[in-house]
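To start, the structure itself, in structure tokens.
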Amino acid sequence: MDTTRVSSTAFDGTPQAPAHARKFVRQVLGEWRLSHLAEDAVLLTSELVTNAVLHAGTGVELTCRLDVDATPAKLEIEVDDHHPARTIPPAGKPPSGDATSGRGLALAGMLADAWGVTYTKRAKRVWVRMEIGDGFEPPEQPGQLGMLPVVPLETLHVGVLVADLDGVVESWNTEAEKLLGWQAEQVVGRSLKDLVAWQGHGPYALSLIDTLALCRWRGEARMRHRDGGLVPVYVSQLRSRGHAGDRRSIWMVVPAEHRSVLTPPSAPLRREAGRRIKELLDHDLPFTELLDTIAKIVQVSSGGEAAYVLLSAENGNRFGVAAGAGATAGLVGVLAAGVFGPECRTPVMVEDLLAGDVELADQLRARSMACAPLLVGGAVIGYLVVTAARPGHFDQELTISLQHIAGQVAVPVQRGRLAEQDRAHRGRLSFLAEAGELLAGVHDEELIAALTAQLVVPKIATWAAVYLTDLTGMTRLAHVWHSDERNNADLRKSLPAIPRSALDQVDWPIGPENVLAFPLLTQGRSYGALVIGRTEPTLPLELADLLADLCRLVSLNLHTAMLYARQATTSRVLQRSLLPMRVAPMPGLESAVVYEPAEEGADVGGDFYDLFTVADHWCFALGDVCGSGPEAAAVTGLARHAVRLLAKEHYTVSDILDRLNHALLEEGDEGRFLSLLCGELTPLPQGGALCTIASAGHPPPLRLRPGGEVRAMATPQLLLGIEANARFHVETFELAPEEVLLCVTDGVTERRNGDRLLDDGDGLAALLSGCTGLSAHAVAERVRHAVETFAPDPSQDDVALLVIKASAALRQGVR
């Protein structure tokens, strides 16, 4: 049982303050049966209040606190002023008899058992402590069993009257007649307004009619006696439903001096809530801790099952959960409008949420609720809310208590909120910038899912899972990530791999964390969901908005990745159609090809090759389109297919170059030039082959003899696609057995390392001269490796090379 007694008051910093303080302390000590301490306590109080008024010049708050559980029991008197810069000098000896000041602290040192000074940013508190000796009788605690004041039965009258919600009296008992003098027939049918001198108190007082509409109410009032006087009474009201379903208000009325008969049991925690809030605000707490502590104080002091601090979003029209205490599992983001709105500036009590706002009842998981707005400058910045699972749990007195607390914390909360919003805004931008940078250019859905989960854990959640929905509508679990990586496997097993219902309707497995799901939506299409688990009971509105922004960013990246994947698949199929399905077998000749497009992810670039048979000879081509990428690949397709088609029609090499030159000019694509090396190989009976070749602006092929001699075998001519009247000629030579013919594009000869090219000083010829005795595949690999290692940076151009090596003798049966 809490036996601590507290009584507080406040005075303006005027010369009358010490007199008011003396009267207050004497009255409180009389009620607490401490009259034997009154003279010393009143003297100490008078001196301390006088010092505060004279030296601080601000308003003064006076608090008397009695702790009978302490050993020994003690009485503390605290005097607060609002000028902490004015320090208190140390107590010394009492001043001389003619001194006019300085006695206060000297008296504190002489009369009190202890004294001290506490400084905060906004106030200075001087306190004295007096220990209570033997023989002390604890003061009565109203509402405690066996300690209620004794009320003589002959003077106690409990009047009972019934009125409808319009205030018309319907019933009046004999005890009411004894208390107020009116007989039943004189008041039934009259309005209570004629019988009650109603006067609300405080800025949130209700009218008489509004009070009758309350489910439960207790308070003081004055009622008119039949003789014309006003009788101070204490009223306990209960609203009930009649047989016909009509609501009635039942009043139980006793004389004011007998109020203990109707007052509820004391609520020490609620009584102490204001003091605890005041002490809380004296400390410079982090904003989140401040809100959490306020929620805990409200929840404990109100007797509710849960309490929340709601704060408005940036536009001021939405209110989201900023902190919670009690049964708050799973509460997240913005609450249903209902009673929460910028225009609601008075406290509200709802007896049964299911009767008026089912959505809010579901969100709060409660039946009854009381709330009070946080007002700053007339604007609602948030709410204090307390809830309970059963209807009718709270009374109207609680709303007044809540509003008192709301008035205390509104300005500090707003000040901390503005600072926190500024910090959170910077952090939010930083987080989203980091996420955007991390996801930028990522075209792999699996990698996006993995990065998203790791962005969230552990900054926002204990674990995260990303579900992806493909273009067919199939949803699957793509990635999971736990702050403790050892739990990743168990987490994946606990979550559905392929949900059987919509993601917003999945019954997520409940563990030690609260599970929340956020959809990945963009352009009206779902790309899956981000599912997180948090140990914290609520998700503040700022974090909910941050996760919503992150999900939009992830959705856009998934949308781009899916489009890219679809386009890449289409492009890959088309590009692969531009490459030969296979290199034609060449009896008596050995061939090898190296082909590496410069563009990442491309199968075909601006370089191309082909090797095929026509009747009794072979044709080969190696070309390079100006540029790279899909545009170059389009010209590549035209050139490769034209060469093959013309060769099959038995056009000569020079005719093939003429026709292809005209075809490129007819396309009209300015700047699309083509270098082409085209040739025919006719087998010779003694081995080797006769080579007919022409080079249209292409690097000439190199022939390697068995002795290591290397020679260029063609003269470069004009590029294709430049001049319509260009004519091309061919050159013929014999490729003897064991000789190698190397054909390359400029991606080989012009491979760059700083200012130096690979072919500077006949570098390619020197490289080839060292390949005597090697197979065609070995030569191709050595040249490829030389190109790759020539510079530390990757090549920026397509690389293609064709190696042909003649054997000692031809096999028969060539077609």
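The way I read the labels, and the way they are meant: chains A, B, ... in the order of the structure tokens, residue 1 as the first residue of every chain, and ligand 1 as the first ligand shown, with later ones counted on from there.
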
Point to revise | Distance query A:Trp618 at most 8 Å, only C-alpha atoms, self and fewer than 5 positions along chain excluded, as a list in words | key: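 With the cut-off at 8 Å, the set is Met586, Leu611, Phe612, Thr613, Glu680, Leu681 and Thr682 of chain A.
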
Exercise for review: Could you tell me how far atom CA of A:Glu734 lies from atom CA of A:Tyr609, in Å and to one decimal?
Suggested key: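 So the answer is 21.9 Å.
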
Exercise for review: Would you list the contacts of A:Ala410 as a PyMOL selection string, taking every protein, DNA or RNA residue within 9 Å and counting only C-alpha atoms, but skipping same-chain residues closer than 4 positions in sequence?
Suggested key: chain A and resi 373-376+381-382+405-406+414-415

Practice item. Would you please work out which residue, of A:Ala726, A:Ala453, A:Ala694, A:Leu622, is nearest to A:Tyr595 when using only C-alpha atoms? Key: A:Leu622

Review point. Quick one: residues within 6 Å of A:Leu720, only C-alpha atoms counted, chain neighbours fewer than 5 positions away excluded, as an MDAnalysis selection string?
Key: chainID A and resid 661 673:674

Could you save those same residues with C-alpha atoms as an mmCIF file, in the first residue's frame?
data_model
loop_
_atom_site.group_PDB
_atom_site.id
_atom_site.type_symbol
_atom_site.label_atom_id
_atom_site.label_comp_id
_atom_site.auth_asym_id
_atom_site.auth_seq_id
_atom_site.Cartn_x
_atom_site.Cartn_y
_atom_site.Cartn_z
ATOM 1 C CA ASN A 661 29.166 -1.735 -99.976
ATOM 2 C CA PHE A 673 31.171 2.023 -91.641
ATOM 3 C CA LEU A 674 32.364 -1.558 -91.938
#

**Study point:** Close residues, A:Asn488 itself excluded, 12 Å, only C-alpha atoms, min 3 positions apart in chain, as a ChimeraX atom specification
**Key:** /A:453,462-465,479-485,491-495

Practice item. Enumerate the residues of stretch 271-395 of chain A with a DSSP assignment of helix (DSSP H, G or I), computed from the backbone, and present them as a ChimeraX atom specification. Key: /A:271-281,287-302,353-355,358-364

Point to revise | Nearest to A:Ala323, chosen from A:Thr211, A:Gln27, A:Gln299, A:Gln717, with only C-alpha atoms counted in the distances | key: A:Gln299

**Study point:** Contacts of A:Thr472 within 12 Å, only C-alpha atoms, excl. fewer than 3 positions in-chain, as a list in words
**Key:** Leu468, Thr469, Thr475, Arg476, Arg525, Ser526, Tyr527 and Met562 of chain A

Point to revise | Nearest to A:Glu788, chosen from A:Gly341, A:Gly436, A:Pro716, A:Gly747, with only C-alpha atoms counted in the distances | key: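 Residue with the minimum atom-to-atom distance to A:Glu788: A:Gly747.
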
**Study point:** Of the listed residues A:Ala502, A:Val653, A:Val593, A:Leu29, that which approaches A:Arg65 most closely, counting only C-alpha atoms
**Key:**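 Among the listed residues, the smallest separation from A:Arg65 belongs to A:Leu29.
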
Point to revise | For atom CA of A:Asp395 and atom CA of A:Pro347, the interatomic separation in Å (one decimal) | key: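 Distance between the two atoms: 12.0 Å.
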
Point to revise | Those of stretch 305-381 of chain A in DSSP strand (DSSP E or B), formatted as a PyMOL selection string | key: chain A and resi 306-312+319-326+331-332+334+348-350+368-376+379-381

Limited to N, CA, C and O atoms, could you put the picked residues into a file as a compact mmCIF listing (two decimals), in the first residue's frame?
# COMPACT_ATOMS: atom_id res chain seq x y z
N ALA A 306 -3.03 -0.45 -21.94
CA ALA A 306 -2.04 0.06 -22.89
C ALA A 306 -2.18 1.57 -22.94
O ALA A 306 -3.25 2.13 -22.69
N ALA A 307 -1.07 2.22 -23.26
CA ALA A 307 -1.09 3.67 -23.41
C ALA A 307 -0.17 4.04 -24.57
O ALA A 307 0.82 3.36 -24.83
N TYR A 308 -0.52 5.12 -25.26
CA TYR A 308 0.23 5.52 -26.44
C TYR A 308 0.43 7.03 -26.44
O TYR A 308 -0.37 7.78 -25.89
N VAL A 309 1.52 7.42 -27.08
CA VAL A 309 1.71 8.83 -27.44
C VAL A 309 1.59 8.90 -28.95
O VAL A 309 2.37 8.26 -29.67
N LEU A 310 0.58 9.62 -29.42
CA LEU A 310 0.41 9.83 -30.86
C LEU A 310 0.96 11.20 -31.23
O LEU A 310 0.77 12.17 -30.49
N LEU A 311 1.61 11.29 -32.37
CA LEU A 311 2.09 12.56 -32.88
C LEU A 311 1.63 12.72 -34.31
O LEU A 311 1.48 11.75 -35.05
N SER A 312 1.42 13.97 -34.70
CA SER A 312 0.93 14.24 -36.04
C SER A 312 2.03 14.04 -37.06
O SER A 312 3.22 14.22 -36.77
N PHE A 319 -2.30 11.09 -37.51
CA PHE A 319 -1.66 10.87 -36.22
C PHE A 319 -1.20 9.43 -36.13
O PHE A 319 -1.98 8.50 -36.35
N GLY A 320 0.08 9.28 -35.85
CA GLY A 320 0.66 7.94 -35.80
C GLY A 320 1.28 7.67 -34.44
O GLY A 320 1.56 8.58 -33.65
N VAL A 321 1.51 6.40 -34.17
CA VAL A 321 2.07 5.97 -32.89
C VAL A 321 3.54 6.36 -32.81
O VAL A 321 4.34 5.96 -33.65
N ALA A 322 3.90 7.15 -31.81
CA ALA A 322 5.29 7.53 -31.58
C ALA A 322 5.90 6.74 -30.44
O ALA A 322 7.11 6.55 -30.39
N ALA A 323 5.08 6.29 -29.49
CA ALA A 323 5.56 5.49 -28.36
C ALA A 323 4.38 4.74 -27.77
O ALA A 323 3.23 5.15 -27.93
N GLY A 324 4.67 3.64 -27.09
CA GLY A 324 3.61 2.86 -26.48
C GLY A 324 4.10 2.09 -25.28
O GLY A 324 5.30 1.86 -25.12
N ALA A 325 3.17 1.73 -24.42
CA ALA A 325 3.49 0.93 -23.24
C ALA A 325 2.33 -0.01 -22.99
O ALA A 325 1.18 0.30 -23.29
N GLY A 326 2.64 -1.18 -22.43
CA GLY A 326 1.60 -2.15 -22.15
C GLY A 326 1.37 -3.08 -23.32
O GLY A 326 2.31 -3.45 -24.03
N LEU A 331 1.16 -2.73 -33.08
CA LEU A 331 0.56 -1.45 -33.44
C LEU A 331 1.57 -0.65 -34.24
O LEU A 331 2.71 -0.47 -33.83
N VAL A 332 1.15 -0.15 -35.40
CA VAL A 332 2.12 0.47 -36.30
C VAL A 332 1.46 1.61 -37.07
O VAL A 332 0.28 1.55 -37.39
N VAL A 334 -0.21 4.82 -38.78
CA VAL A 334 -1.29 5.79 -38.59
C VAL A 334 -2.54 5.09 -38.11
O VAL A 334 -2.92 4.04 -38.62
N VAL A 348 -11.46 13.16 -24.62
CA VAL A 348 -12.58 12.30 -25.03
C VAL A 348 -12.48 10.98 -24.30
O VAL A 348 -11.39 10.44 -24.12
N MET A 349 -13.63 10.48 -23.87
CA MET A 349 -13.70 9.14 -23.31
C MET A 349 -14.71 8.34 -24.12
O MET A 349 -15.83 8.81 -24.35
N VAL A 350 -14.32 7.17 -24.58
CA VAL A 350 -15.20 6.30 -25.36
C VAL A 350 -15.44 5.03 -24.55
O VAL A 350 -14.51 4.29 -24.25
N SER A 368 -12.54 0.06 -24.66
CA SER A 368 -12.73 1.42 -24.11
C SER A 368 -11.44 2.21 -24.24
O SER A 368 -10.35 1.65 -24.28
N MET A 369 -11.61 3.54 -24.28
CA MET A 369 -10.46 4.39 -24.54
C MET A 369 -10.71 5.77 -23.97
O MET A 369 -11.84 6.26 -23.91
N ALA A 370 -9.62 6.39 -23.50
CA ALA A 370 -9.66 7.79 -23.12
C ALA A 370 -8.46 8.47 -23.75
O ALA A 370 -7.39 7.87 -23.87
N CYS A 371 -8.64 9.70 -24.19
CA CYS A 371 -7.53 10.40 -24.83
C CYS A 371 -7.63 11.89 -24.53
O CYS A 371 -8.70 12.41 -24.21
N ALA A 372 -6.48 12.55 -24.62
CA ALA A 372 -6.41 13.99 -24.41
C ALA A 372 -5.44 14.56 -25.43
O ALA A 372 -4.38 13.97 -25.69
N PRO A 373 -5.78 15.71 -26.05
CA PRO A 373 -4.90 16.27 -27.08
C PRO A 373 -3.70 16.97 -26.49
O PRO A 373 -3.75 17.53 -25.38
N LEU A 374 -2.60 16.94 -27.22
CA LEU A 374 -1.42 17.74 -26.90
C LEU A 374 -1.54 19.04 -27.69
O LEU A 374 -1.46 19.05 -28.91
N LEU A 375 -1.78 20.12 -26.96
CA LEU A 375 -2.04 21.42 -27.60
C LEU A 375 -0.83 22.34 -27.44
O LEU A 375 -0.33 22.53 -26.33
N VAL A 376 -0.39 22.91 -28.55
CA VAL A 376 0.68 23.91 -28.53
C VAL A 376 0.22 25.06 -29.42
O VAL A 376 0.03 24.88 -30.62
N ALA A 379 -2.90 24.53 -31.55
CA ALA A 379 -2.87 23.47 -32.56
C ALA A 379 -2.65 22.12 -31.89
O ALA A 379 -1.89 22.01 -30.92
N VAL A 380 -3.30 21.08 -32.41
CA VAL A 380 -3.16 19.73 -31.89
C VAL A 380 -1.93 19.09 -32.54
O VAL A 380 -1.90 18.88 -33.74
N ILE A 381 -0.92 18.78 -31.73
CA ILE A 381 0.30 18.15 -32.26
C ILE A 381 0.30 16.65 -31.99
O ILE A 381 1.17 15.94 -32.49
